[in-house]
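Source file: query.txt. Holds: compact mmCIF, C-alpha atoms.
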# COMPACT_ATOMS: atom_id res chain seq x y z
CA MET H 1 104.92 74.23 36.46
CA PHE H 2 108.50 75.36 36.99
CA ASP H 3 109.35 71.84 38.12
CA ARG H 4 109.30 70.72 34.49
CA PHE H 5 112.17 73.03 33.66
CA VAL H 6 114.47 71.48 36.26
CA SER H 7 113.33 67.84 36.38
CA GLY H 8 112.61 67.41 32.68
CA GLY H 9 114.81 67.58 29.62
CA ASN H 10 118.52 66.93 29.87
CA LEU H 11 119.14 68.72 33.16
CA PRO H 12 118.76 65.66 35.48
CA ALA H 13 121.24 63.71 33.34
CA LEU H 14 123.67 66.67 33.33
CA GLU H 15 123.33 66.85 37.10
CA ARG H 16 124.43 63.22 37.35
CA VAL H 17 127.38 63.82 35.03
CA LEU H 18 128.47 66.83 37.10
CA GLN H 19 128.15 64.84 40.34
CA PHE H 20 130.12 61.94 38.91
CA THR H 21 132.97 63.97 37.38
CA SER H 22 133.25 66.15 40.47
CA ALA H 23 133.59 63.14 42.76
CA ARG H 24 135.91 61.35 40.35
CA GLN H 25 138.24 64.35 40.24
CA SER H 26 139.07 63.79 43.92
CA ILE H 27 139.91 60.15 43.21
CA ILE H 28 142.20 61.08 40.31
CA ALA H 29 143.85 63.83 42.37
CA ASN H 30 144.55 61.22 45.04
CA ASN H 31 146.18 58.95 42.45
CA ILE H 32 148.42 61.80 41.32
CA ALA H 33 149.26 62.78 44.91
CA ASN H 34 150.34 59.22 45.69
CA MET H 35 152.25 58.70 42.45
CA GLU H 36 155.42 57.96 44.42
CA THR H 37 154.03 56.50 47.63
CA PRO H 38 155.46 53.00 48.09
CA GLY H 39 152.80 50.29 48.12
CA PHE H 40 149.95 52.58 47.02
CA ARG H 41 147.54 51.03 44.54
CA PRO H 42 145.89 53.62 42.28
CA ALA H 43 142.10 53.35 42.21
CA ASP H 44 139.41 54.64 39.87
CA VAL H 45 135.72 54.40 39.04
CA SER H 46 134.82 53.20 35.55
CA ALA H 47 133.48 56.12 33.50
CA THR H 48 132.16 53.61 30.93
CA ALA H 49 130.09 51.83 33.58
CA PHE H 50 128.71 55.18 34.70
CA GLN H 51 127.79 56.17 31.15
CA THR H 52 126.08 52.82 30.50
CA SER H 53 124.11 53.18 33.70
CA LEU H 54 123.19 56.79 32.82
CA ALA H 55 122.08 55.74 29.31
CA ASP H 56 119.82 53.05 30.85
CA ALA H 57 118.39 55.60 33.26
CA ILE H 58 117.58 58.00 30.40
CA ASP H 59 115.99 55.17 28.38
CA ASN H 60 113.87 54.13 31.36
CA ARG H 61 112.66 57.69 31.81
CA LYS H 62 111.79 57.98 28.11
CA ARG H 63 109.78 54.76 28.28
CA ALA H 64 107.98 55.97 31.40
CA VAL H 65 107.12 59.29 29.76
CA ALA H 66 105.92 57.50 26.57
CA ALA H 67 103.76 55.16 28.69
CA GLY H 68 102.21 58.19 30.34
CA VAL H 69 103.64 57.36 33.76
CA ALA H 70 104.60 60.52 35.61
CA ASN H 71 107.87 60.89 37.45
CA GLU H 72 106.45 58.77 40.30
CA GLY H 73 108.89 56.08 41.29
CA LEU H 74 111.49 57.41 38.90
CA THR H 75 113.17 59.77 41.32
CA ALA H 76 116.31 58.83 43.22
CA PRO H 77 116.64 59.34 47.01
CA ASP H 78 118.40 62.67 46.42
CA GLY H 79 115.61 63.94 44.15
CA GLY H 80 117.59 63.55 40.94
CA LEU H 81 117.34 61.18 38.00
CA ALA H 82 116.72 57.59 39.10
CA MET H 83 119.80 55.54 38.27
CA ASP H 84 120.86 52.00 39.02
CA GLY H 85 123.79 52.22 41.37
CA SER H 86 126.56 49.70 41.51
CA GLU H 87 129.19 48.68 44.01
CA SER H 88 131.35 51.62 43.04
CA ILE H 89 128.57 54.16 42.37
CA ARG H 90 126.03 54.62 45.14
CA ILE H 91 123.21 57.16 45.06
CA GLY H 92 121.87 58.09 48.46
CA ALA H 93 119.93 60.96 49.97
CA ASP H 94 123.17 62.98 50.17
CA GLY H 95 123.98 62.64 46.48
CA MET H 96 126.43 60.39 44.70
CA GLN H 97 129.13 58.48 46.56
CA LEU H 98 131.95 56.83 44.63
CA THR H 99 133.93 53.86 45.92
CA PRO H 100 137.00 53.47 43.72
CA GLU H 101 138.43 50.07 42.89
CA PRO H 102 142.16 49.38 42.49
CA ILE H 103 143.34 49.58 38.90
CA GLY H 104 146.48 48.43 37.13
CA ASP H 105 148.34 45.18 37.58
CA GLY H 106 151.38 46.86 39.06
CA ILE H 107 153.77 44.27 37.66
CA LEU H 108 156.59 46.68 36.85
CA PHE H 109 157.35 47.90 40.35
CA HIS H 110 157.75 45.52 43.26
CA ASP H 111 155.46 47.60 45.50
CA GLY H 112 152.38 47.21 43.24
CA ASN H 113 152.06 50.93 42.39
CA ASP H 114 152.22 50.98 38.60
CA ARG H 115 152.76 54.80 38.36
CA ASN H 116 150.95 55.07 35.03
CA MET H 117 151.34 58.83 34.70
CA GLU H 118 149.96 59.07 31.15
CA ARG H 119 146.80 57.10 31.95
CA ILE H 120 146.13 59.10 35.09
CA LEU H 121 146.62 62.47 33.41
CA GLN H 122 144.49 61.27 30.48
CA SER H 123 141.63 60.43 32.83
CA LEU H 124 142.16 63.78 34.59
CA THR H 125 141.79 65.66 31.28
CA GLU H 126 138.85 63.59 30.05
CA ASN H 127 137.12 64.06 33.37
CA LEU H 128 137.70 67.82 33.28
CA LEU H 129 136.40 68.16 29.71
CA THR H 130 133.32 66.07 30.52
CA PHE H 131 132.60 68.34 33.48
CA ARG H 132 133.00 71.50 31.39
CA PHE H 133 130.83 70.00 28.65
CA ALA H 134 128.01 69.23 31.09
CA ALA H 135 128.41 72.60 32.80
CA THR H 136 128.16 74.43 29.47
CA LEU H 137 125.05 72.47 28.42
CA ALA H 138 123.44 73.20 31.79
CA ARG H 139 124.25 76.88 31.41
CA ARG H 140 122.64 76.94 27.96
CA HIS H 141 119.58 75.25 29.45
CA PHE H 142 119.27 77.90 32.15
CA ALA H 143 119.84 80.63 29.56
CA SER H 144 116.95 79.34 27.44
CA VAL H 145 114.68 79.21 30.50
CA ASP H 146 115.80 82.76 31.22
CA ASN H 147 114.88 83.78 27.64
CA ALA H 148 111.47 82.19 28.03
CA ILE H 149 110.86 84.11 31.25
CA ARG H 150 111.92 87.42 29.70
CA GLU H 151 109.97 86.64 26.51
CA ARG H 152 112.72 88.15 24.40
CA LEU H 153 116.14 87.12 23.12
CA MET O 1 134.05 70.59 46.88
CA ASN O 2 137.44 71.82 48.05
CA GLY O 3 138.52 68.32 49.06
CA ALA O 4 140.49 67.87 45.86
CA PHE O 5 142.54 70.95 46.69
CA ASP O 6 143.46 69.36 50.03
CA ILE O 7 144.60 66.18 48.30
CA SER O 8 146.76 67.98 45.74
CA ALA O 9 148.09 70.47 48.30
CA SER O 10 149.17 67.63 50.61
CA ALA O 11 151.18 66.20 47.72
CA LEU O 12 152.77 69.60 47.06
CA VAL O 13 153.86 69.77 50.71
CA ALA O 14 155.18 66.19 50.67
CA ASN O 15 157.21 66.80 47.53
CA ARG O 16 158.60 70.05 48.90
CA ILE O 17 159.76 68.20 52.03
CA ARG O 18 161.37 65.57 49.81
CA MET O 19 163.11 68.35 47.89
CA ASP O 20 164.35 69.81 51.21
CA ALA O 21 165.79 66.41 52.18
CA ILE O 22 167.61 66.17 48.84
CA ALA O 23 168.94 69.71 49.21
CA ALA O 24 170.19 68.83 52.71
CA ASN O 25 171.96 65.75 51.31
CA LEU O 26 173.68 67.71 48.55
CA ALA O 27 174.64 70.47 50.98
CA ALA O 28 176.15 67.92 53.38
CA ALA O 29 178.09 66.07 50.69
CA ASP O 30 181.39 67.66 51.66
CA ILE O 31 181.00 67.69 55.44
CA GLY O 32 183.59 65.33 56.87
CA GLY O 33 183.73 63.74 60.29
CA ASN O 34 185.18 61.03 62.43
CA PRO O 35 182.83 58.13 63.30
CA ASP O 36 184.73 57.55 66.57
CA GLY O 37 185.06 61.20 67.53
CA PRO O 38 182.61 63.84 68.72
CA LYS O 39 182.02 65.23 65.21
CA LYS O 40 180.44 62.42 63.18
CA PRO O 41 179.87 62.57 59.42
CA PRO O 42 176.31 63.46 58.35
CA MET O 43 173.59 60.90 57.59
CA ILE O 44 171.80 60.60 54.25
CA ARG O 45 168.17 61.72 54.52
CA GLU O 46 165.33 60.11 52.60
CA ALA O 47 161.68 61.15 52.84
CA ILE O 48 159.23 58.22 53.13
CA PHE O 49 155.76 58.83 51.70
CA GLN O 50 152.57 57.35 53.11
CA VAL O 51 148.91 57.57 52.04
CA GLY O 52 146.64 59.88 54.07
CA ASP O 53 146.87 63.45 55.27
CA PRO O 54 147.12 63.99 59.05
CA ALA O 55 146.77 67.76 58.56
CA THR O 56 143.14 67.36 57.47
CA GLY O 57 142.56 63.90 58.98
CA SER O 58 141.70 62.58 55.53
CA GLU O 59 142.35 59.06 54.27
CA THR O 60 143.23 60.44 50.86
CA GLY O 61 146.23 62.59 50.05
CA VAL O 62 149.85 61.92 50.91
CA HIS O 63 152.24 62.89 53.67
CA VAL O 64 155.84 62.33 54.68
CA GLU O 65 155.62 59.58 57.27
CA ASP O 66 159.26 59.63 58.27
CA ILE O 67 162.65 60.83 57.17
CA TYR O 68 165.03 57.89 57.22
CA LEU O 69 168.55 58.70 58.37
CA MET O 70 170.83 56.29 56.54
CA GLN O 71 174.33 55.80 57.85
CA SER O 72 176.53 55.15 54.84
CA TRP O 73 180.02 56.60 55.14
CA VAL O 74 183.02 56.46 52.84
CA PRO O 75 186.61 57.28 53.84
CA ARG O 76 188.91 59.73 52.11
CA HIS O 77 192.57 59.60 53.01
CA GLN O 78 193.34 63.04 54.51
CA PRO O 79 195.93 62.38 57.26
CA LEU O 80 196.63 66.06 57.89
CA SER O 81 193.01 66.89 58.69
CA PRO O 82 192.20 67.39 62.37
CA LEU O 83 189.16 65.15 61.76
CA ALA O 84 191.23 62.20 60.58
CA ASP O 85 190.92 58.91 62.46
CA LYS O 86 193.87 56.75 63.52
CA ASP O 87 194.35 55.46 59.96
CA GLY O 88 194.42 58.99 58.54
CA ASN O 89 190.91 58.82 57.00
CA VAL O 90 188.22 61.46 57.15
CA TRP O 91 184.72 59.97 56.65
CA TYR O 92 182.05 61.52 54.46
CA ALA O 93 178.42 60.63 53.75
CA ASP O 94 178.23 58.38 50.69
CA ILE O 95 176.03 60.72 48.67
CA ASN O 96 175.59 59.82 45.02
CA PRO O 97 175.01 63.11 43.13
CA VAL O 98 173.39 61.32 40.18
CA GLU O 99 170.89 59.58 42.44
CA GLN O 100 170.11 62.82 44.28
CA GLN O 101 169.69 64.68 40.99
CA THR O 102 167.29 62.00 39.74
CA ASN O 103 165.23 62.17 42.92
CA MET O 104 165.17 65.95 42.63
CA MET O 105 163.78 65.78 39.09
CA MET O 106 161.15 63.24 40.15
CA ALA O 107 160.08 65.48 43.04
CA ALA O 108 159.84 68.46 40.68
CA ARG O 109 157.83 66.52 38.09
CA SER O 110 155.52 65.13 40.75
CA TYR O 111 155.00 68.69 42.03
CA GLU O 112 154.07 69.80 38.50
CA ALA O 113 151.62 66.90 38.08
CA ASN O 114 149.81 67.98 41.24
CA ILE O 115 149.74 71.59 40.03
CA ALA O 116 148.01 70.20 36.90
CA ALA O 117 145.41 68.49 39.10
CA ILE O 118 144.81 71.78 40.95
CA GLU O 119 144.44 73.63 37.64
CA ALA O 120 141.89 71.03 36.50
CA ARG O 121 139.90 71.51 39.70
CA LYS O 122 140.05 75.30 39.35
CA SER O 123 138.76 74.99 35.79
CA MET O 124 135.88 72.78 36.96
CA ILE O 125 134.90 75.25 39.69
CA SER O 126 135.00 78.21 37.31
CA ALA O 127 132.86 76.26 34.82
CA ALA O 128 130.39 75.52 37.62
CA LEU O 129 130.30 79.20 38.55
CA GLU O 130 129.64 80.18 34.93
CA MET O 131 126.35 78.31 35.17
CA LEU O 132 125.09 81.06 37.48
CA ALA O 133 126.00 83.89 35.15

Let me see the structure of the file written as structure tokens.
Amino acid sequence: MFDRFVSGGNLPALERVLQFTSARQSIIANNIANMETPGFRPADVSATAFQTSLADAIDNRKRAVAAGVANEGLTAPDGGLAMDGSESIRIGADGMQLTPEPIGDGILFHDGNDRNMERILQSLTENLLTFRFAATLARRHFASVDNAIRERL
Amino acid sequence: MNGAFDISASALVANRIRMDAIAANLAAADIGGNPDGPKKPPMIREAIFQVGDPATGSETGVHVEDIYLMQSWVPRHQPLSPLADKDGNVWYADINPVEQQTNMMMAARSYEANIAAIEARKSMISAALEMLA
């Protein structure tokens, strides 16, 4: 019975968002750390590709629920929301693994590191806000479950 | 979860070492010497960054791979100095204060950018902890 509170609703999708933003933060931090390393190519994972993939996963689950199919076959190896992985986003039994791809043409500097400070800090901020957004929604979800258990507001 | 702190902290260390190298250059700007004698003029130091962090064995992060010692000396005519060579020149490291100042600002800005990344991570962790409360 309790399973429906954690594997239904928006929580599985929020879990994916938290996993993705948490892993992506390390990648962005690495780009910032190597801002002035000669020959370093900054790398990133496309947040748009992740969101498209997540939207497909949510649609698939909705269709499965509407067709009366239970969660059978819709669960990923790590027990979360089933999602199509890609070359850069892989979902295994140990959660989500990100493989960043080099970004930027690097035509300004001869060593190929384009040192795009504004872009990198923009993605850092967007990533942080997405994480906080998902964390807040998840907290509200748990709070409403808590209210239901206590049977009072 | 704390991996991102390691990455940013390695960059803080690397930039501090770079700042130390710049400080050493500026401090040595007025140390004279004789290239042929026992007391040679100082070398210019430059920190060389490389990807990876040997301290944690991680492939991400950054570290100072080497500090290049560049021999670039300029003469000043000071025939009365005990350090003067046979032509009456004392040799000094060819340190360009403008270049050093620029590098110093870049190191400071880079340090700040990594502090911003640490702050972002801290904010994410505190948001994650709020889920429990």

Report task. Pick out the chain H residues within 12 Å of chain O. Count only C-alpha atoms. Give them as a VMD selection string. Result -> chain H and resid 14 to 15 18 to 19 21 to 43 100 115 117 to 118 120 to 143 146

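Distances here use only C-alpha atoms; by that measure, the residue among H:Asn116, H:Val45, H:Gly8, H:Asn60 closest to Pro102 (chain H) is H:Val45.
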
**Report entry** Atomic separation - CA of Arg61 (chain H) relative to CA of Gly79 (chain H), Å
**Finding:**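 Between CA of Gly79 (chain H) and CA of Arg61 (chain H) the gap is 14.1 Å.
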
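Going from CA of Ala108 (chain O) over to CA of Asn25 (chain O), you cover 16.3 Å.
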
Report task. Please provide as JSON, numbers by chain all residues within 10 Å of Ala29 (chain O), with the sequence filter that same-chain residues fewer than 4 positions apart are discarded (counting all atoms listed in the file). Result -> {"O": [23, 24, 25, 41, 42, 43, 44, 92, 93, 94, 95, 96, 97]}

Query raised in the report: In Å, how far is it from CA of Phe20 (chain H) to CA of Gly95 (chain H)?
Result: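 Interatomic distance here is 9.8 Å.
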
Requested in this report: List every protein, DNA or RNA residue that has an atom no more than 9 Å from (130.3, 56.8, 46.2) in the file's coordinate frame, counting all atoms listed in the file, and report them as an NGL selection string.
Outcome: :H and (20 or 23 or 87-92 or 95-100)

Assuming 4 Å of padding per side, give the centre and edge lengths of the axis-aligned box around every listed atom of region 17-30 of chain O, in Å to one decimal and as JSON.
{"center_x": 170.6, "center_y": 68.0, "center_z": 50.6, "size_x": 29.6, "size_y": 12.9, "size_z": 13.5}

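Minimum distance to Thr52 (chain H) across H:Ala148, H:Leu108, H:Ala64, H:Met83 (counting only C-alpha atoms) occurs at H:Met83.
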
Query raised in the report: Which of these residues is nearest to Arg16 (chain H), using only C-alpha atoms: H:Ser86, H:Asp78, H:Leu153, H:His110?
Result: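 Among the listed residues, H:Asp78 lies closest to Arg16 (chain H).
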
Query - Counting all atoms listed in the file, the option among O:Ser81, O:Asp87, O:Lys40, O:Arg16 closest to Arg109 (chain O) - result: O:Arg16

Query raised in the report: Using all atoms listed in the file, which residue out of H:Pro77, H:Gly112, H:Pro12, H:Gly104 lies closest to Ala57 (chain H)?
Result: H:Pro12

Requested in this report: May I have the protein, DNA and RNA residues with an atom at most 9 Å from (185.9, 59.8, 59.4), counting only C-alpha atoms in the file's coordinates, returned as a PyMOL selection string?
Outcome: chain O and resi 32-37+39-41+73-76+83-85+88-92

Query raised in the report: When distances are computed from only C-alpha atoms, which of H:Asp59, H:Asp84, H:Asp44, H:Glu151 shows the smallest separation from Glu101 (chain H)?
Result: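 Using only C-alpha atoms, Glu101 (chain H) sits closest to H:Asp44.
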